[in-house]
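For reference, upload.txt (compact mmCIF, N, CA and C atoms):
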```
# COMPACT_ATOMS: atom_id res chain seq x y z
N MET K 1 7.33 -3.80 -2.99
CA MET K 1 7.10 -2.69 -2.13
C MET K 1 7.15 -1.42 -2.96
N ARG K 2 6.43 -0.43 -2.50
CA ARG K 2 6.38 0.86 -3.19
C ARG K 2 6.97 1.91 -2.25
N VAL K 3 7.94 2.68 -2.76
CA VAL K 3 8.58 3.73 -1.99
C VAL K 3 8.29 5.05 -2.72
N GLU K 4 7.60 5.95 -2.05
CA GLU K 4 7.26 7.23 -2.67
C GLU K 4 7.49 8.36 -1.67
N LEU K 5 7.57 9.56 -2.20
CA LEU K 5 7.77 10.71 -1.33
C LEU K 5 6.51 11.00 -0.53
N LYS K 6 6.69 11.42 0.71
CA LYS K 6 5.55 11.80 1.55
C LYS K 6 4.93 13.08 0.99
N PRO K 7 3.63 13.29 1.27
CA PRO K 7 3.00 14.54 0.87
C PRO K 7 3.76 15.73 1.45
N GLY K 8 3.94 16.75 0.64
CA GLY K 8 4.64 17.94 1.08
C GLY K 8 6.12 17.94 0.76
N VAL K 9 6.68 16.79 0.38
CA VAL K 9 8.09 16.72 -0.01
C VAL K 9 8.16 17.00 -1.51
N MET K 10 9.03 17.93 -1.89
CA MET K 10 9.14 18.31 -3.30
C MET K 10 9.57 17.13 -4.15
N ASP K 11 8.84 16.89 -5.22
CA ASP K 11 9.15 15.81 -6.16
C ASP K 11 9.60 16.46 -7.47
N ALA K 12 10.89 16.77 -7.55
CA ALA K 12 11.43 17.48 -8.71
C ALA K 12 11.25 16.68 -10.00
N GLU K 13 11.38 15.37 -9.91
CA GLU K 13 11.20 14.54 -11.10
C GLU K 13 9.77 14.64 -11.62
N ALA K 14 8.80 14.60 -10.73
CA ALA K 14 7.40 14.71 -11.13
C ALA K 14 7.11 16.08 -11.74
N GLU K 15 7.67 17.13 -11.14
CA GLU K 15 7.48 18.47 -11.68
C GLU K 15 8.05 18.58 -13.09
N SER K 16 9.22 18.00 -13.30
CA SER K 16 9.84 18.01 -14.63
C SER K 16 8.99 17.25 -15.64
N ILE K 17 8.43 16.13 -15.22
CA ILE K 17 7.57 15.34 -16.11
C ILE K 17 6.32 16.14 -16.47
N GLU K 18 5.70 16.79 -15.49
CA GLU K 18 4.51 17.61 -15.76
C GLU K 18 4.82 18.67 -16.81
N LYS K 19 5.93 19.38 -16.67
CA LYS K 19 6.32 20.42 -17.62
C LYS K 19 6.59 19.83 -19.00
N SER K 20 7.27 18.70 -19.03
CA SER K 20 7.60 18.06 -20.30
C SER K 20 6.34 17.57 -21.01
N LEU K 21 5.39 17.04 -20.27
CA LEU K 21 4.14 16.60 -20.88
C LEU K 21 3.42 17.77 -21.54
N ALA K 22 3.40 18.91 -20.86
CA ALA K 22 2.77 20.10 -21.44
C ALA K 22 3.49 20.51 -22.72
N LEU K 23 4.82 20.47 -22.71
CA LEU K 23 5.58 20.81 -23.90
C LEU K 23 5.33 19.84 -25.06
N LEU K 24 4.99 18.61 -24.72
CA LEU K 24 4.69 17.60 -25.74
C LEU K 24 3.24 17.68 -26.23
N GLY K 25 2.50 18.65 -25.72
CA GLY K 25 1.11 18.81 -26.13
C GLY K 25 0.15 17.94 -25.36
N ILE K 26 0.54 17.55 -24.16
CA ILE K 26 -0.32 16.75 -23.28
C ILE K 26 -0.54 17.57 -22.02
N PRO K 27 -1.31 18.66 -22.11
CA PRO K 27 -1.43 19.60 -21.00
C PRO K 27 -2.48 19.25 -19.96
N SER K 28 -3.33 18.28 -20.23
CA SER K 28 -4.45 18.02 -19.33
C SER K 28 -4.10 17.14 -18.14
N VAL K 29 -2.83 16.79 -17.98
CA VAL K 29 -2.42 15.99 -16.82
C VAL K 29 -2.51 16.88 -15.58
N ARG K 30 -3.33 16.48 -14.63
CA ARG K 30 -3.57 17.30 -13.44
C ARG K 30 -2.44 17.20 -12.43
N HIS K 31 -1.89 15.99 -12.26
CA HIS K 31 -0.86 15.80 -11.23
C HIS K 31 -0.03 14.56 -11.57
N VAL K 32 1.26 14.62 -11.29
CA VAL K 32 2.17 13.50 -11.50
C VAL K 32 2.88 13.22 -10.18
N THR K 33 3.00 11.97 -9.83
CA THR K 33 3.83 11.57 -8.71
C THR K 33 4.77 10.48 -9.19
N THR K 34 5.87 10.32 -8.50
CA THR K 34 6.81 9.27 -8.84
C THR K 34 6.96 8.32 -7.66
N ALA K 35 7.36 7.10 -7.96
CA ALA K 35 7.58 6.10 -6.91
C ALA K 35 8.54 5.06 -7.45
N HIS K 36 9.22 4.39 -6.54
CA HIS K 36 10.05 3.25 -6.91
C HIS K 36 9.33 1.99 -6.45
N ILE K 37 9.32 1.00 -7.30
CA ILE K 37 8.73 -0.30 -6.97
C ILE K 37 9.88 -1.31 -6.86
N TYR K 38 9.94 -1.99 -5.74
CA TYR K 38 10.95 -3.02 -5.52
C TYR K 38 10.22 -4.35 -5.33
N ASP K 39 10.58 -5.32 -6.12
CA ASP K 39 10.00 -6.65 -6.02
C ASP K 39 11.09 -7.58 -5.48
N LEU K 40 11.00 -7.89 -4.20
CA LEU K 40 11.98 -8.77 -3.57
C LEU K 40 11.41 -10.17 -3.50
N GLU K 41 12.10 -11.12 -4.08
CA GLU K 41 11.67 -12.52 -4.03
C GLU K 41 12.65 -13.29 -3.15
N PHE K 42 12.14 -13.90 -2.11
CA PHE K 42 12.97 -14.65 -1.18
C PHE K 42 12.79 -16.14 -1.40
N SER K 43 13.83 -16.91 -1.14
CA SER K 43 13.77 -18.36 -1.28
C SER K 43 13.77 -19.02 0.09
N ASN K 44 12.95 -20.01 0.24
CA ASN K 44 12.96 -20.87 1.42
C ASN K 44 12.79 -20.12 2.74
N VAL K 45 11.92 -19.11 2.76
CA VAL K 45 11.61 -18.42 4.02
C VAL K 45 10.09 -18.31 4.13
N SER K 46 9.62 -18.26 5.35
CA SER K 46 8.19 -18.10 5.58
C SER K 46 7.76 -16.70 5.19
N GLU K 47 6.46 -16.49 5.08
CA GLU K 47 5.94 -15.16 4.74
C GLU K 47 6.32 -14.14 5.81
N SER K 48 6.27 -14.55 7.08
CA SER K 48 6.62 -13.61 8.15
C SER K 48 8.11 -13.26 8.12
N GLU K 49 8.96 -14.24 7.79
CA GLU K 49 10.39 -13.97 7.68
C GLU K 49 10.67 -13.09 6.46
N ALA K 50 9.98 -13.33 5.37
CA ALA K 50 10.14 -12.49 4.18
C ALA K 50 9.75 -11.05 4.49
N ARG K 51 8.67 -10.87 5.25
CA ARG K 51 8.25 -9.52 5.64
C ARG K 51 9.32 -8.86 6.51
N ARG K 52 9.89 -9.62 7.44
CA ARG K 52 10.93 -9.08 8.31
C ARG K 52 12.14 -8.65 7.49
N LEU K 53 12.54 -9.48 6.53
CA LEU K 53 13.68 -9.15 5.67
C LEU K 53 13.39 -7.94 4.79
N ALA K 54 12.17 -7.86 4.26
CA ALA K 54 11.79 -6.70 3.44
C ALA K 54 11.80 -5.43 4.28
N ASP K 55 11.28 -5.51 5.48
CA ASP K 55 11.30 -4.34 6.37
C ASP K 55 12.73 -3.90 6.66
N ARG K 56 13.61 -4.86 6.85
CA ARG K 56 15.02 -4.55 7.11
C ARG K 56 15.65 -3.85 5.90
N ALA K 57 15.33 -4.34 4.69
CA ALA K 57 15.85 -3.72 3.47
C ALA K 57 15.37 -2.27 3.35
N VAL K 58 14.12 -2.04 3.70
CA VAL K 58 13.57 -0.68 3.65
C VAL K 58 14.30 0.20 4.65
N GLU K 59 14.43 -0.26 5.87
CA GLU K 59 15.03 0.55 6.94
C GLU K 59 16.50 0.85 6.68
N GLN K 60 17.23 -0.11 6.10
CA GLN K 60 18.67 0.05 5.97
C GLN K 60 19.13 0.54 4.60
N LEU K 61 18.25 0.48 3.58
CA LEU K 61 18.74 0.78 2.25
C LEU K 61 17.75 1.52 1.35
N LEU K 62 16.52 1.09 1.30
CA LEU K 62 15.62 1.52 0.23
C LEU K 62 14.84 2.80 0.49
N ALA K 63 14.74 3.25 1.73
CA ALA K 63 13.92 4.42 2.00
C ALA K 63 14.48 5.23 3.15
N ASN K 64 14.18 6.51 3.12
CA ASN K 64 14.52 7.42 4.20
C ASN K 64 13.20 7.74 4.91
N PRO K 65 13.02 7.34 6.16
CA PRO K 65 11.73 7.52 6.83
C PRO K 65 11.31 8.98 6.99
N VAL K 66 12.24 9.90 6.86
CA VAL K 66 11.90 11.31 6.98
C VAL K 66 11.13 11.79 5.75
N ILE K 67 11.48 11.29 4.57
CA ILE K 67 10.85 11.80 3.34
C ILE K 67 10.05 10.77 2.56
N HIS K 68 10.18 9.50 2.90
CA HIS K 68 9.49 8.46 2.12
C HIS K 68 8.34 7.81 2.87
N ARG K 69 7.35 7.44 2.09
CA ARG K 69 6.24 6.61 2.56
C ARG K 69 6.41 5.26 1.87
N VAL K 70 6.31 4.18 2.64
CA VAL K 70 6.56 2.84 2.10
C VAL K 70 5.33 1.97 2.29
N THR K 71 4.99 1.25 1.23
CA THR K 71 3.92 0.25 1.29
C THR K 71 4.53 -1.09 0.94
N VAL K 72 4.40 -2.04 1.87
CA VAL K 72 4.94 -3.39 1.64
C VAL K 72 3.76 -4.35 1.67
N ARG K 73 3.69 -5.17 0.65
CA ARG K 73 2.64 -6.19 0.62
C ARG K 73 3.14 -7.40 -0.15
N PRO K 74 2.72 -8.58 0.25
CA PRO K 74 3.13 -9.78 -0.49
C PRO K 74 2.42 -9.84 -1.84
N LEU K 75 3.10 -10.38 -2.82
CA LEU K 75 2.48 -10.57 -4.13
C LEU K 75 1.56 -11.78 -4.07
N PRO K 76 0.50 -11.78 -4.85
CA PRO K 76 -0.38 -12.96 -4.87
C PRO K 76 0.39 -14.19 -5.33
N ALA K 77 0.07 -15.30 -4.74
CA ALA K 77 0.77 -16.56 -5.09
C ALA K 77 0.36 -17.07 -6.45
```
Please express what this file holds, its structure, as structure tokens.
Amino acid sequence: MRVELKPGVMDAEAESIEKSLALLGIPSVRHVTTAHIYDLEFSNVSESEARRLADRAVEQLLANPVIHRVTVRPLPA
């Protein structure tokens, strides 16, 4: 799953990276965004149960629905 800030939410880490890239002589970067990628592997559960468990992890731990946008998708087998 990918957890990233919603549009309009300040991404201080991305802003710092943009400035640092310019200082390193890499000024042509137009925009930087940051995201966290979580790869949850479940054992002995159906795909629908794995999705339910992943959604629960997002809701209870991995993301704040006010500021984060979350994309959950199964990995190819």
Exercise for review: For Glu18 in chain K, list every protein, DNA or RNA residue within 8 Å, evaluated using all atoms listed in the file, and leave out those in the same chain fewer than 4 positions away; present the list as a PyMOL selection string.
Suggested key: chain K and resi 12-14+22-24+26-27+29-33
Practice item. Check chain K with DSSP on the backbone and list each residue it calls strand (DSSP E), as a ChimeraX atom specification. Key: /K:2-5,35-37,68-71
Review point. So how many Å separate CA of Ser43 in chain K and CA of Arg73 in chain K, to one decimal?
Key: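 So the answer is 16.6 Å.
For chain K, a DSSP pass over the backbone yields alpha helix (DSSP H) at Ala12, Glu13, Ala14, Glu15, Ser16, Ile17, Glu18, Lys19, Ser20, Leu21, Ala22, Leu23, Glu47, Ser48, Glu49, Ala50, Arg51, Arg52, Leu53, Ala54, Asp55, Arg56 and Ala57 of chain K.
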Practice item. One decimal, Å: what's the distance from CA of Arg52 in chain K over to CA of Pro7 in chain K, could you say? Key: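 Between CA of Arg52 in chain K and CA of Pro7 in chain K the gap works out to 26.0 Å.
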Practice item. Identify, on the basis of only N, CA and C atoms, every residue whose closest approach to Val3 in chain K does not exceed 6.5 Å; exclude the query and any residue fewer than 5 positions from it along the same chain; express the result as a list in words. Key: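 The residues that qualify are Thr34, Ala35, His36, Ile37, Tyr38, His68, Arg69, Val70 and Thr71 of chain K.
Note that the spacing between atom N of Lys19 in chain K and atom C of Ile67 in chain K amounts to 21.5 Å.
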